[in-house]
$ cat input_10.pdb   # PDB, C-alpha atoms
ATOM      1  CA  MET A   1     -18.302 -16.682  35.521  1.00  0.00           C
ATOM      2  CA  ALA A   2     -18.262 -14.441  38.590  1.00  0.00           C
ATOM      3  CA  THR A   3     -21.111 -14.921  41.022  1.00  0.00           C
ATOM      4  CA  ALA A   4     -21.929 -13.750  44.521  1.00  0.00           C
ATOM      5  CA  SER A   5     -23.934 -15.046  47.483  1.00  0.00           C
ATOM      6  CA  LYS A   6     -25.312 -13.869  50.812  1.00  0.00           C
ATOM      7  CA  GLU A   7     -23.043 -14.765  53.654  1.00  0.00           C
ATOM      8  CA  PRO A   8     -22.910 -13.722  57.307  1.00  0.00           C
ATOM      9  CA  PRO A   9     -19.878 -11.592  58.218  1.00  0.00           C
ATOM     10  CA  THR A  10     -16.689 -13.637  58.436  1.00  0.00           C
ATOM     11  CA  ASP A  11     -13.140 -13.034  59.550  1.00  0.00           C
ATOM     12  CA  VAL A  12     -12.325 -11.199  56.310  1.00  0.00           C
ATOM     13  CA  PRO A  13     -11.242  -7.638  57.204  1.00  0.00           C
ATOM     14  CA  THR A  14     -13.559  -4.898  55.987  1.00  0.00           C
ATOM     15  CA  THR A  15     -12.108  -2.789  53.182  1.00  0.00           C
ATOM     16  CA  ASP A  16     -13.482  -0.065  50.946  1.00  0.00           C
ATOM     17  CA  ALA A  17     -12.099  -1.768  47.866  1.00  0.00           C
ATOM     18  CA  LEU A  18     -11.064  -5.232  46.778  1.00  0.00           C
ATOM     19  CA  THR A  19      -7.760  -5.146  48.580  1.00  0.00           C
ATOM     20  CA  LYS A  20      -8.196  -8.475  50.352  1.00  0.00           C
ATOM     21  CA  ALA A  21      -9.512 -11.688  48.844  1.00  0.00           C
ATOM     22  CA  VAL A  22      -9.812 -14.840  50.914  1.00  0.00           C
ATOM     23  CA  PRO A  23     -10.592 -18.200  49.287  1.00  0.00           C
ATOM     24  CA  ALA A  24     -14.003 -19.516  50.302  1.00  0.00           C
ATOM     25  CA  LYS A  25     -14.778 -23.186  50.960  1.00  0.00           C
ATOM     26  CA  ASP A  26     -18.053 -23.768  49.154  1.00  0.00           C
ATOM     27  CA  VAL A  27     -19.565 -22.906  45.783  1.00  0.00           C
ATOM     28  CA  PRO A  28     -21.433 -19.575  45.594  1.00  0.00           C
ATOM     29  CA  ALA A  29     -25.094 -18.957  44.832  1.00  0.00           C
ATOM     30  CA  ALA A  30     -26.158 -16.428  42.208  1.00  0.00           C
ATOM     31  CA  ASN A  31     -27.048 -13.377  44.301  1.00  0.00           C
ATOM     32  CA  ALA A  32     -25.327 -10.688  46.339  1.00  0.00           C
ATOM     33  CA  VAL A  33     -25.761  -9.166  49.772  1.00  0.00           C
ATOM     34  CA  GLY A  34     -26.136  -5.402  50.278  1.00  0.00           C
ATOM     35  CA  GLY A  35     -24.394  -3.194  52.816  1.00  0.00           C
ATOM     36  CA  SER A  36     -20.949  -4.115  54.068  1.00  0.00           C
ATOM     37  CA  GLY A  37     -21.604  -7.857  54.400  1.00  0.00           C
ATOM     38  CA  SER A  38     -19.600 -10.665  52.953  1.00  0.00           C
ATOM     39  CA  VAL A  39     -19.894 -11.401  49.232  1.00  0.00           C
ATOM     40  CA  ARG A  40     -18.737 -14.623  47.624  1.00  0.00           C
ATOM     41  CA  VAL A  41     -17.482 -14.291  44.081  1.00  0.00           C
ATOM     42  CA  GLU A  42     -15.957 -16.751  41.648  1.00  0.00           C
ATOM     43  CA  ILE A  43     -13.129 -15.556  39.454  1.00  0.00           C
ATOM     44  CA  PHE A  44     -11.535 -17.976  36.999  1.00  0.00           C
ATOM     45  CA  ASP A  45     -12.976 -20.979  38.835  1.00  0.00           C
ATOM     46  CA  GLN A  46     -11.675 -19.800  42.214  1.00  0.00           C
ATOM     47  CA  VAL A  47     -14.116 -18.737  44.940  1.00  0.00           C
ATOM     48  CA  TYR A  48     -13.319 -15.652  47.037  1.00  0.00           C
ATOM     49  CA  ASN A  49     -15.114 -14.222  50.052  1.00  0.00           C
ATOM     50  CA  LEU A  50     -14.926 -10.423  49.899  1.00  0.00           C
ATOM     51  CA  ARG A  51     -16.249  -7.503  51.900  1.00  0.00           C
ATOM     52  CA  GLY A  52     -17.213  -4.099  50.638  1.00  0.00           C
ATOM     53  CA  SER A  53     -19.899  -1.457  50.848  1.00  0.00           C
ATOM     54  CA  ASP A  54     -21.608  -2.345  47.533  1.00  0.00           C
ATOM     55  CA  ALA A  55     -22.094  -6.029  46.771  1.00  0.00           C
ATOM     56  CA  ASP A  56     -23.467  -5.373  43.267  1.00  0.00           C
ATOM     57  CA  TYR A  57     -20.383  -3.332  42.402  1.00  0.00           C
ATOM     58  CA  ILE A  58     -18.089  -6.039  43.764  1.00  0.00           C
ATOM     59  CA  LEU A  59     -19.935  -8.598  41.640  1.00  0.00           C
ATOM     60  CA  LYS A  60     -19.522  -6.428  38.511  1.00  0.00           C
ATOM     61  CA  LEU A  61     -15.809  -6.053  39.198  1.00  0.00           C
ATOM     62  CA  ALA A  62     -15.427  -9.784  39.745  1.00  0.00           C
ATOM     63  CA  GLU A  63     -17.272 -10.533  36.497  1.00  0.00           C
ATOM     64  CA  TYR A  64     -15.014  -8.094  34.655  1.00  0.00           C
ATOM     65  CA  VAL A  65     -11.822  -9.612  36.070  1.00  0.00           C
ATOM     66  CA  ASP A  66     -13.132 -13.104  35.327  1.00  0.00           C
ATOM     67  CA  SER A  67     -13.863 -12.165  31.711  1.00  0.00           C
ATOM     68  CA  LYS A  68     -10.403 -10.625  31.311  1.00  0.00           C
ATOM     69  CA  MET A  69      -8.700 -13.705  32.713  1.00  0.00           C
ATOM     70  CA  ARG A  70     -10.713 -15.962  30.410  1.00  0.00           C
ATOM     71  CA  ALA A  71      -9.878 -13.781  27.387  1.00  0.00           C
ATOM     72  CA  VAL A  72      -6.161 -13.933  28.230  1.00  0.00           C
ATOM     73  CA  SER A  73      -6.470 -17.676  28.789  1.00  0.00           C
ATOM     74  CA  GLU A  74      -7.878 -18.118  25.277  1.00  0.00           C
ATOM     75  CA  GLN A  75      -5.000 -16.120  23.767  1.00  0.00           C
ATOM     76  CA  THR A  76      -2.132 -17.825  25.579  1.00  0.00           C
ATOM     77  CA  ALA A  77      -0.960 -21.392  26.089  1.00  0.00           C
ATOM     78  CA  THR A  78      -0.263 -20.970  29.813  1.00  0.00           C
ATOM     79  CA  VAL A  79      -2.377 -22.690  32.428  1.00  0.00           C
ATOM     80  CA  ASP A  80      -0.686 -20.911  35.345  1.00  0.00           C
ATOM     81  CA  SER A  81      -3.483 -18.890  36.964  1.00  0.00           C
ATOM     82  CA  VAL A  82      -1.021 -16.457  38.569  1.00  0.00           C
ATOM     83  CA  ARG A  83       0.514 -15.663  35.189  1.00  0.00           C
ATOM     84  CA  LEU A  84      -2.984 -15.272  33.696  1.00  0.00           C
ATOM     85  CA  ALA A  85      -3.954 -12.941  36.542  1.00  0.00           C
ATOM     86  CA  VAL A  86      -0.872 -10.777  35.947  1.00  0.00           C
ATOM     87  CA  LEU A  87      -1.534 -10.601  32.204  1.00  0.00           C
ATOM     88  CA  ALA A  88      -5.202  -9.758  32.840  1.00  0.00           C
ATOM     89  CA  ALA A  89      -4.122  -7.073  35.328  1.00  0.00           C
ATOM     90  CA  LEU A  90      -1.796  -5.578  32.712  1.00  0.00           C
ATOM     91  CA  ASN A  91      -4.656  -5.489  30.195  1.00  0.00           C
ATOM     92  CA  ILE A  92      -6.933  -3.790  32.731  1.00  0.00           C
ATOM     93  CA  ALA A  93      -4.188  -1.295  33.641  1.00  0.00           C
ATOM     94  CA  ASP A  94      -3.687  -0.525  29.946  1.00  0.00           C
ATOM     95  CA  GLU A  95      -7.418   0.130  29.485  1.00  0.00           C
ATOM     96  CA  TYR A  96      -7.437   2.345  32.578  1.00  0.00           C
ATOM     97  CA  HIS A  97      -4.490   4.454  31.462  1.00  0.00           C
ATOM     98  CA  LEU A  98      -5.818   4.848  27.913  1.00  0.00           C
ATOM     99  CA  LEU A  99      -9.171   6.074  29.263  1.00  0.00           C
ATOM    100  CA  LYS A 100      -7.458   8.310  31.813  1.00  0.00           C
ATOM    101  CA  ARG A 101      -5.297   9.862  29.087  1.00  0.00           C
ATOM    102  CA  ARG A 102      -8.365  10.439  26.907  1.00  0.00           C
ATOM    103  CA  LEU A 103     -10.182  12.190  29.772  1.00  0.00           C
ATOM    104  CA  GLU A 104      -7.162  14.326  30.634  1.00  0.00           C
ATOM    105  CA  THR A 105      -6.714  15.463  27.043  1.00  0.00           C
ATOM    106  CA  ALA A 106      -9.377  18.005  26.269  1.00  0.00           C
ATOM    107  CA  SER A 107     -10.747  18.142  22.743  1.00  0.00           C
ATOM    108  CA  PRO A 108      -9.798  21.158  20.585  1.00  0.00           C
ATOM    109  CA  GLU A 109     -13.439  22.318  20.699  1.00  0.00           C
ATOM    110  CA  ALA A 110     -13.441  22.179  24.493  1.00  0.00           C
ATOM    111  CA  ARG A 111     -10.187  24.159  24.644  1.00  0.00           C
ATOM    112  CA  GLN A 112     -11.547  26.833  22.285  1.00  0.00           C
ATOM    113  CA  ARG A 113     -14.741  27.103  24.286  1.00  0.00           C
ATOM    114  CA  ALA A 114     -12.775  27.380  27.542  1.00  0.00           C
ATOM    115  CA  ILE A 115     -10.643  30.179  26.074  1.00  0.00           C
ATOM    116  CA  LYS A 116     -13.746  31.973  24.827  1.00  0.00           C
ATOM    117  CA  LEU A 117     -15.498  31.649  28.190  1.00  0.00           C
ATOM    118  CA  ALA A 118     -12.383  32.789  30.054  1.00  0.00           C
ATOM    119  CA  SER A 119     -12.192  35.881  27.818  1.00  0.00           C
ATOM    120  CA  ALA A 120     -15.865  36.639  28.385  1.00  0.00           C
ATOM    121  CA  LEU A 121     -15.374  36.256  32.138  1.00  0.00           C
ATOM    122  CA  ASP A 122     -12.337  38.558  32.031  1.00  0.00           C
ATOM    123  CA  GLU A 123     -14.409  41.197  30.205  1.00  0.00           C
ATOM    124  CA  VAL A 124     -17.221  40.963  32.754  1.00  0.00           C
ATOM    125  CA  LEU A 125     -14.790  41.215  35.649  1.00  0.00           C
ATOM    126  CA  GLN A 126     -13.056  44.243  34.094  1.00  0.00           C
ATOM    127  CA  ASP A 127     -16.416  45.964  33.541  1.00  0.00           C
ATOM    128  CA  THR A 128     -17.421  45.199  37.139  1.00  0.00           C
ATOM    129  CA  ARG A 129     -14.166  46.672  38.480  1.00  0.00           C
ATOM    130  CA  ARG A 130     -14.670  49.857  36.459  1.00  0.00           C
ATOM    131  CA  THR A 131     -18.243  50.368  37.556  1.00  0.00           C
ATOM    132  CA  GLY A 132     -18.110  49.010  41.021  1.00  0.00           C
TER     133      GLY A 132
END

$ encode --input "input_10.pdb" --output "structure tokens"
Amino acid sequence: MATASKEPPTDVPTTDALTKAVPAKDVPAANAVGGSGSVRVEIFDQVYNLRGSDADYILKLAEYVDSKMRAVSEQTATVDSVRLAVLAALNIADEYHLLKRRLETASPEARQRAIKLASALDEVLQDTRRTG
């Protein structure tokens, strides 16, 4: 289970995202620090000391990654945590791209409405050009 704790700033470089994870030495407590302080999270029984602008968000991400790694672990016979992390990352990437594709593909109703609104706007603009 991913958890976070309050920690004073450490030598972990500040990043806007989770681009750098450094193993921590002790077990985390169950709360997070706000601002851009250090946040300790546990992912798949490994403790990481991270920095970011939103500790609660970092904790949610860590919990999500932890749950994905545990789900992959239950489905495979491997105990190699690197392999599990790669498989979990592939699952997360698949989810991301499926959602991205769904958002990029407008529904037929939305397309019809857009065409209708564009036609109405064209009519208004033509009327404005004639009168004005």

$ atom_distance --input "input_10.pdb" --atom1 "atom CA of Val82 of chain A" --atom2 "atom CA of Leu99 of chain A"
25.7 Å

$ closest_residue --input "input_10.pdb" --among "A:Gln112, A:Asp122, A:Val39, A:Tyr64" --to "Gly52 of chain A" --atoms "all atoms listed in the file"
A:Val39

$ resolve_selection --input "input_10.pdb" --expression "the PyMOL selection byres ((chain A and resi 44) around 9)" --output "ChimeraX atom specification"
/A:1-2,42-43,45-47,65-67,69-70,81

$ write_last_selection --input "input_10.pdb" --atoms "C-alpha atoms" --output "PDB file, in the coordinates of the input"
ATOM      1  CA  MET A   1     -18.302 -16.682  35.521  1.00  0.00           C
ATOM      2  CA  ALA A   2     -18.262 -14.441  38.590  1.00  0.00           C
ATOM      3  CA  GLU A  42     -15.957 -16.751  41.648  1.00  0.00           C
ATOM      4  CA  ILE A  43     -13.129 -15.556  39.454  1.00  0.00           C
ATOM      5  CA  ASP A  45     -12.976 -20.979  38.835  1.00  0.00           C
ATOM      6  CA  GLN A  46     -11.675 -19.800  42.214  1.00  0.00           C
ATOM      7  CA  VAL A  47     -14.116 -18.737  44.940  1.00  0.00           C
ATOM      8  CA  VAL A  65     -11.822  -9.612  36.070  1.00  0.00           C
ATOM      9  CA  ASP A  66     -13.132 -13.104  35.327  1.00  0.00           C
ATOM     10  CA  SER A  67     -13.863 -12.165  31.711  1.00  0.00           C
ATOM     11  CA  MET A  69      -8.700 -13.705  32.713  1.00  0.00           C
ATOM     12  CA  ARG A  70     -10.713 -15.962  30.410  1.00  0.00           C
ATOM     13  CA  SER A  81      -3.483 -18.890  36.964  1.00  0.00           C
TER      14      SER A  81
END

$ atom_distance --input "input_10.pdb" --atom1 "atom CA of Ser53 of chain A" --atom2 "atom CA of Leu103 of chain A"
26.9 Å

$ atom_distance --input "input_10.pdb" --atom1 "atom CA of Gly37 of chain A" --atom2 "atom CA of Glu63 of chain A"
18.6 Å

$ closest_residue --input "input_10.pdb" --among "A:Glu109, A:Val124, A:Val41, A:Ile92" --to "Lys60 of chain A" --atoms "only C-alpha atoms"
A:Val41
